[in-house]
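Novice: One file is attached below, protein-v7.tsv, containing TSV, C-alpha atoms.
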```tsv
chain	number	residue	atom	x	y	z
A	1	MET	CA	23.41	-4.18	11.83
A	2	THR	CA	24.13	-1.22	14.07
A	3	GLU	CA	21.92	0.72	16.41
A	4	ASN	CA	21.92	3.44	13.79
A	5	SER	CA	20.05	1.33	11.25
A	6	THR	CA	17.10	3.20	9.92
A	7	ALA	CA	13.56	1.87	9.62
A	8	LEU	CA	14.00	1.68	5.87
A	9	GLN	CA	17.13	-0.47	6.17
A	10	ILE	CA	15.30	-2.87	8.47
A	11	ALA	CA	12.23	-2.95	6.22
A	12	LEU	CA	14.40	-3.71	3.18
A	13	ALA	CA	16.37	-6.41	4.99
A	14	TYR	CA	13.11	-7.96	6.19
A	15	HIS	CA	11.68	-7.79	2.69
A	16	GLU	CA	14.77	-9.37	1.15
A	17	ALA	CA	14.59	-12.19	3.69
A	18	TRP	CA	10.95	-13.19	3.25
A	19	THR	CA	10.98	-12.76	-0.52
A	20	THR	CA	13.89	-15.19	-0.68
A	21	LYS	CA	11.81	-17.53	1.53
A	22	ASP	CA	14.18	-17.24	4.49
A	23	LEU	CA	11.48	-16.98	7.14
A	24	ASP	CA	13.93	-17.48	10.03
A	25	ARG	CA	15.98	-14.50	8.90
A	26	ALA	CA	12.82	-12.49	8.21
A	27	MET	CA	11.61	-13.15	11.76
A	28	SER	CA	14.93	-11.84	13.14
A	29	TYR	CA	13.67	-8.36	12.16
A	30	ILE	CA	10.29	-8.84	13.87
A	31	ALA	CA	9.81	-7.77	17.50
A	32	GLU	CA	8.47	-10.39	19.92
A	33	ASP	CA	5.50	-8.13	20.66
A	34	ILE	CA	4.81	-7.07	17.08
A	35	VAL	CA	1.33	-5.78	16.32
A	36	CYS	CA	0.26	-6.13	12.69
A	37	ASP	CA	-2.96	-4.72	11.31
A	38	ALA	CA	-3.63	-6.90	8.27
A	39	PRO	CA	-6.71	-7.09	6.00
A	40	ALA	CA	-8.27	-9.91	8.04
A	41	GLY	CA	-7.63	-8.20	11.37
A	42	ARG	CA	-5.00	-7.65	14.04
A	43	ILE	CA	-2.16	-10.13	14.57
A	44	GLU	CA	-0.32	-9.91	17.88
A	45	GLY	CA	3.05	-11.39	18.72
A	46	ALA	CA	5.88	-12.90	16.69
A	47	GLU	CA	4.48	-16.44	16.76
A	48	ALA	CA	1.13	-15.38	15.31
A	49	TYR	CA	2.92	-13.16	12.78
A	50	ARG	CA	5.06	-16.06	11.61
A	51	ALA	CA	1.93	-18.23	11.27
A	52	PHE	CA	0.43	-15.44	9.13
A	53	MET	CA	3.49	-15.10	6.88
A	54	ALA	CA	4.44	-18.76	6.48
A	55	PRO	CA	1.58	-19.81	4.14
A	56	PHE	CA	2.21	-16.76	1.97
A	57	VAL	CA	5.94	-17.47	1.72
A	58	ARG	CA	5.10	-21.07	0.70
A	59	ILE	CA	3.01	-19.92	-2.30
A	60	LEU	CA	5.43	-17.12	-3.28
A	61	LEU	CA	7.09	-17.49	-6.68
A	62	ASP	CA	8.60	-14.03	-7.21
A	63	ALA	CA	8.63	-10.51	-5.78
A	64	ARG	CA	9.60	-7.11	-7.15
A	65	MET	CA	9.91	-3.95	-5.05
A	66	ILE	CA	7.85	-1.13	-6.56
A	67	ALA	CA	8.89	1.64	-4.13
A	68	ALA	CA	10.47	1.90	-0.70
A	69	PHE	CA	10.81	5.02	1.43
A	70	GLY	CA	11.37	5.74	5.07
A	71	ASP	CA	13.01	7.65	7.85
A	72	GLU	CA	14.46	6.70	11.21
A	73	GLN	CA	11.25	5.28	12.69
A	74	THR	CA	8.91	4.49	9.81
A	75	ALA	CA	9.21	2.78	6.44
A	76	LEU	CA	6.66	2.39	3.69
A	77	VAL	CA	7.11	-0.19	0.93
A	78	MET	CA	5.01	-1.36	-2.00
A	79	TYR	CA	5.87	-4.47	-3.96
A	80	ASP	CA	4.40	-6.84	-6.44
A	81	THR	CA	4.46	-10.58	-6.01
A	82	THR	CA	3.74	-13.59	-8.16
A	83	THR	CA	2.13	-16.40	-6.20
A	84	VAL	CA	0.90	-19.87	-7.11
A	85	PRO	CA	-2.82	-18.97	-7.00
A	86	VAL	CA	-2.58	-15.26	-7.98
A	87	PRO	CA	-0.11	-14.10	-10.65
A	88	ASN	CA	-0.15	-10.41	-9.64
A	89	ALA	CA	-0.57	-9.91	-5.92
A	90	PRO	CA	0.84	-6.54	-4.83
A	91	GLY	CA	1.26	-5.63	-1.19
A	92	ALA	CA	2.12	-2.57	0.86
A	93	GLU	CA	3.52	-2.37	4.36
A	94	CYS	CA	4.00	0.60	6.65
A	95	VAL	CA	6.26	-0.46	9.49
A	96	THR	CA	7.41	1.15	12.70
A	97	VAL	CA	10.93	0.15	13.81
A	98	LYS	CA	12.36	0.33	17.31
A	99	ASP	CA	15.81	-1.04	18.28
A	100	ASN	CA	16.20	-2.54	14.78
A	101	LYS	CA	13.00	-4.59	15.03
A	102	ILE	CA	9.64	-4.09	13.39
A	103	THR	CA	7.23	-3.40	16.25
A	104	TYR	CA	4.18	-2.42	14.22
A	105	SER	CA	3.07	-3.16	10.69
A	106	ARG	CA	0.13	-1.95	8.72
A	107	PHE	CA	-0.18	-4.60	6.04
A	108	LEU	CA	-2.27	-4.16	2.92
A	109	PHE	CA	-3.10	-6.48	0.05
A	110	ASP	CA	-6.14	-7.35	-1.99
A	111	ARG	CA	-7.74	-10.51	-0.61
A	112	ALA	CA	-10.28	-10.74	-3.45
A	113	PRO	CA	-8.16	-12.73	-5.95
A	114	PHE	CA	-7.02	-15.15	-3.22
A	115	GLU	CA	-10.64	-15.73	-2.20
A	116	ALA	CA	-11.61	-16.20	-5.85
A	117	ALA	CA	-8.77	-18.70	-6.35
A	118	ARG	CA	-9.97	-20.70	-3.34
A	119	ARG	CA	-13.51	-20.97	-4.75
B	1	MET	CA	2.30	25.32	-7.69
B	2	THR	CA	5.68	25.75	-9.35
B	3	GLU	CA	7.57	23.58	-11.76
B	4	ASN	CA	9.72	22.58	-8.81
B	5	SER	CA	6.89	20.82	-7.01
B	6	THR	CA	7.92	17.36	-5.99
B	7	ALA	CA	5.97	14.19	-6.56
B	8	LEU	CA	5.16	14.08	-2.84
B	9	GLN	CA	3.69	17.60	-2.88
B	10	ILE	CA	1.48	16.67	-5.83
B	11	ALA	CA	0.44	13.38	-4.23
B	12	LEU	CA	-0.48	15.17	-0.99
B	13	ALA	CA	-2.41	17.90	-2.81
B	14	TYR	CA	-4.25	15.24	-4.81
B	15	HIS	CA	-4.98	13.28	-1.62
B	16	GLU	CA	-6.26	16.37	0.19
B	17	ALA	CA	-8.55	17.17	-2.74
B	18	TRP	CA	-10.22	13.78	-3.13
B	19	THR	CA	-10.50	13.13	0.60
B	20	THR	CA	-12.39	16.44	0.93
B	21	LYS	CA	-14.61	15.24	-1.96
B	22	ASP	CA	-13.36	17.94	-4.36
B	23	LEU	CA	-13.08	15.67	-7.38
B	24	ASP	CA	-12.60	18.57	-9.82
B	25	ARG	CA	-9.56	19.77	-7.90
B	26	ALA	CA	-8.31	16.21	-7.49
B	27	MET	CA	-8.50	15.71	-11.26
B	28	SER	CA	-6.39	18.86	-11.79
B	29	TYR	CA	-3.43	16.77	-10.55
B	30	ILE	CA	-4.17	13.87	-12.90
B	31	ALA	CA	-2.56	13.73	-16.35
B	32	GLU	CA	-4.89	13.36	-19.35
B	33	ASP	CA	-3.08	10.14	-20.28
B	34	ILE	CA	-2.84	8.69	-16.76
B	35	VAL	CA	-2.35	4.95	-16.48
B	36	CYS	CA	-3.54	3.43	-13.20
B	37	ASP	CA	-3.01	-0.19	-12.24
B	38	ALA	CA	-5.79	-0.84	-9.75
B	39	PRO	CA	-6.93	-4.12	-8.15
B	40	ALA	CA	-9.56	-4.74	-10.83
B	41	GLY	CA	-7.17	-3.97	-13.71
B	42	ARG	CA	-5.69	-1.14	-15.72
B	43	ILE	CA	-7.48	2.20	-16.07
B	44	GLU	CA	-6.34	4.43	-18.92
B	45	GLY	CA	-7.03	8.13	-19.34
B	46	ALA	CA	-8.36	10.87	-17.07
B	47	GLU	CA	-12.01	10.26	-17.94
B	48	ALA	CA	-11.85	6.58	-16.98
B	49	TYR	CA	-9.86	7.46	-13.87
B	50	ARG	CA	-12.51	9.95	-12.77
B	51	ALA	CA	-15.20	7.33	-13.35
B	52	PHE	CA	-13.17	4.96	-11.13
B	53	MET	CA	-12.73	7.51	-8.32
B	54	ALA	CA	-16.18	9.12	-8.32
B	55	PRO	CA	-18.12	6.21	-6.73
B	56	PHE	CA	-15.47	5.85	-4.04
B	57	VAL	CA	-15.54	9.57	-3.23
B	58	ARG	CA	-19.36	9.35	-2.92
B	59	ILE	CA	-19.18	6.64	-0.22
B	60	LEU	CA	-16.21	8.25	1.59
B	61	LEU	CA	-16.90	9.41	5.14
B	62	ASP	CA	-13.41	10.09	6.46
B	63	ALA	CA	-9.72	9.62	5.60
B	64	ARG	CA	-6.52	9.65	7.64
B	65	MET	CA	-3.02	9.61	6.14
B	66	ILE	CA	-0.91	6.81	7.65
B	67	ALA	CA	2.39	7.63	5.91
B	68	ALA	CA	3.56	9.62	2.91
B	69	PHE	CA	7.02	9.63	1.37
B	70	GLY	CA	8.48	10.58	-1.96
B	71	ASP	CA	11.12	12.20	-4.07
B	72	GLU	CA	11.09	14.32	-7.21
B	73	GLN	CA	9.43	11.71	-9.44
B	74	THR	CA	7.72	9.18	-7.19
B	75	ALA	CA	5.50	9.30	-4.12
B	76	LEU	CA	4.15	6.51	-1.98
B	77	VAL	CA	1.24	7.05	0.38
B	78	MET	CA	-0.80	4.81	2.66
B	79	TYR	CA	-4.02	6.00	4.25
B	80	ASP	CA	-7.03	4.67	6.03
B	81	THR	CA	-10.57	5.56	5.05
B	82	THR	CA	-14.00	5.15	6.55
B	83	THR	CA	-16.64	4.47	3.91
B	84	VAL	CA	-20.38	3.84	4.05
B	85	PRO	CA	-20.14	0.09	3.38
B	86	VAL	CA	-16.69	-0.59	4.94
B	87	PRO	CA	-15.63	1.15	8.17
B	88	ASN	CA	-11.88	0.52	7.76
B	89	ALA	CA	-10.77	0.58	4.14
B	90	PRO	CA	-7.07	1.42	3.86
B	91	GLY	CA	-5.45	2.18	0.54
B	92	ALA	CA	-1.95	2.70	-0.82
B	93	GLU	CA	-0.86	4.53	-3.93
B	94	CYS	CA	2.52	4.73	-5.61
B	95	VAL	CA	2.42	7.58	-8.12
B	96	THR	CA	4.76	8.86	-10.79
B	97	VAL	CA	4.61	12.63	-11.35
B	98	LYS	CA	5.68	14.50	-14.48
B	99	ASP	CA	5.14	18.26	-14.99
B	100	ASN	CA	3.11	18.43	-11.76
B	101	LYS	CA	0.62	15.79	-12.88
B	102	ILE	CA	0.20	12.18	-11.84
B	103	THR	CA	0.97	10.16	-14.96
B	104	TYR	CA	1.02	6.69	-13.40
B	105	SER	CA	-0.55	5.24	-10.29
B	106	ARG	CA	-0.24	1.84	-8.74
B	107	PHE	CA	-3.37	1.68	-6.60
B	108	LEU	CA	-3.88	-0.90	-3.89
B	109	PHE	CA	-6.79	-1.66	-1.61
B	110	ASP	CA	-8.55	-4.75	-0.32
B	111	ARG	CA	-11.62	-5.43	-2.45
B	112	ALA	CA	-12.83	-8.26	-0.20
B	113	PRO	CA	-14.85	-6.19	2.33
B	114	PHE	CA	-16.47	-4.19	-0.49
B	115	GLU	CA	-17.47	-7.41	-2.24
B	116	ALA	CA	-18.80	-8.81	1.05
B	117	ALA	CA	-20.81	-5.63	1.68
B	118	ARG	CA	-22.39	-5.92	-1.79
B	119	ARG	CA	-23.52	-9.50	-1.16
```
Just give me the structure of the file as structure tokens.
Specialist:
Amino acid sequence: MTENSTALQIALAYHEAWTTKDLDRAMSYIAEDIVCDAPAGRIEGAEAYRAFMAPFVRILLDARMIAAFGDEQTALVMYDTTTVPVPNAPGAECVTVKDNKITYSRFLFDRAPFEAARR
Amino acid sequence: MTENSTALQIALAYHEAWTTKDLDRAMSYIAEDIVCDAPAGRIEGAEAYRAFMAPFVRILLDARMIAAFGDEQTALVMYDTTTVPVPNAPGAECVTVKDNKITYSRFLFDRAPFEAARR
């Protein structure tokens, strides 16, 4: 990875890592001071972000990228996932990348089927 | 609008129309045979799509684009909205455009806060 990596390259490498359940490698693309605005609220810092991602990675069965675009600073991806409780659980992430790390993520998915599965 | 309009231009024009509550103009960018995979399931045809969008446009107070990317055929947008029941209701759409009309849309938002507001 060079200093010329674009946001999209980082977002795709991050995506490839977590969708293959390699959370250590995924976290190598996450800045220590990441801020993530997720459906349930703001997550601050790499430790909290890892605690947010880990349960999802555990229930993940499969993932398919739907679309991925970006420029030097920003990337936007949409993907579908198959998880243990929810067979079709798409997500979208808009990430800001600085120095080859994701510093900000706007994270979007539908919590409704996960809440229904819990009930 | 020329035949050379890109998917992103169409997606942005569509977005501008519905976020200013001009549903007629918004629908001018929607193909008669649109297929939309939304959180609650598949919506087929322009009439059903309009019936899906109309209630959301009625409760819409404000919208801000977060990111928008695309190429000739595909566009991916993420935006935040303020609605009457839910103050922060982001959405993401990945659209396929043919002949200047949106023929397919993968539509993503979090239904949980809308369901909570209804209860």
Novice: Between B:Glu16, B:Asp62, B:Glu47, B:Glu72, which residue has the minimum interatomic distance to B:Asp33, considering all atoms listed in the file?
Specialist: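 Among the listed residues, B:Glu47 lies closest to B:Asp33.
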Novice: I'd like the neighbourhood of B:Ile30 as a ChimeraX atom specification, where a residue qualifies if any of its atoms comes within 12 Å (using only C-alpha atoms), though same-chain residues fewer than 6 positions away should be ignored.
Specialist: /B:7,10-11,13-15,17-18,23-24,36,44-50,53,95-105
Novice: Can you pull out every residue within 12 Å of A:Ile59, counting only C-alpha atoms, but drop anything in the same chain fewer than 6 positions away, and send it as a list in words?
Specialist: Trp18, Thr19, Thr20, Lys21, Met53, Thr81, Thr82, Thr83, Val84, Pro85, Val86, Pro87, Ala89 and Phe114 of chain A
Novice: Excluding A:Val77 and residues on its chain fewer than 2 positions from it, collect all residues at most 6 Å away from it, counting only C-alpha atoms, and give them as a list of chain:residue names.
Specialist: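 Close residues of A:Val77: A:Ala67, A:Ala68, A:Ala92, A:Glu93.
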Novice: Go ahead and write the residues just picked, C-alpha atoms, as an mmCIF file, keeping the file's coordinate frame.
Specialist:
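Written file, selection-v1.cif:
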```
data_model
loop_
_atom_site.group_PDB
_atom_site.id
_atom_site.type_symbol
_atom_site.label_atom_id
_atom_site.label_comp_id
_atom_site.auth_asym_id
_atom_site.auth_seq_id
_atom_site.Cartn_x
_atom_site.Cartn_y
_atom_site.Cartn_z
ATOM 1 C CA ALA A 67 8.890 1.640 -4.130
ATOM 2 C CA ALA A 68 10.470 1.900 -0.700
ATOM 3 C CA ALA A 92 2.120 -2.570 0.860
ATOM 4 C CA GLU A 93 3.520 -2.370 4.360
#
```
Novice: Check every residue of chain B for an atom within 12 Å of chain A, counting all atoms listed in the file, and provide those that qualify as a PyMOL selection string.
Specialist: chain B and resi 8+37-41+65-71+73-80+86+88-96+105-116
Novice: Quick check, in Å to one decimal: how far apart do atom CA of A:Arg58 and atom CA of A:Asp22 lie?
Specialist: 10.6 Å
Novice: Using atom CA of B:Glu32 and atom CA of B:Leu61 as the two end points, give the distance in Å to one decimal.
Specialist: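 Separation of atom CA of B:Glu32 and atom CA of B:Leu61: 27.6 Å.
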Novice: So how far away is atom CA of B:Ala51 from atom CA of B:Thr6, in Å?
Specialist: 26.3 Å
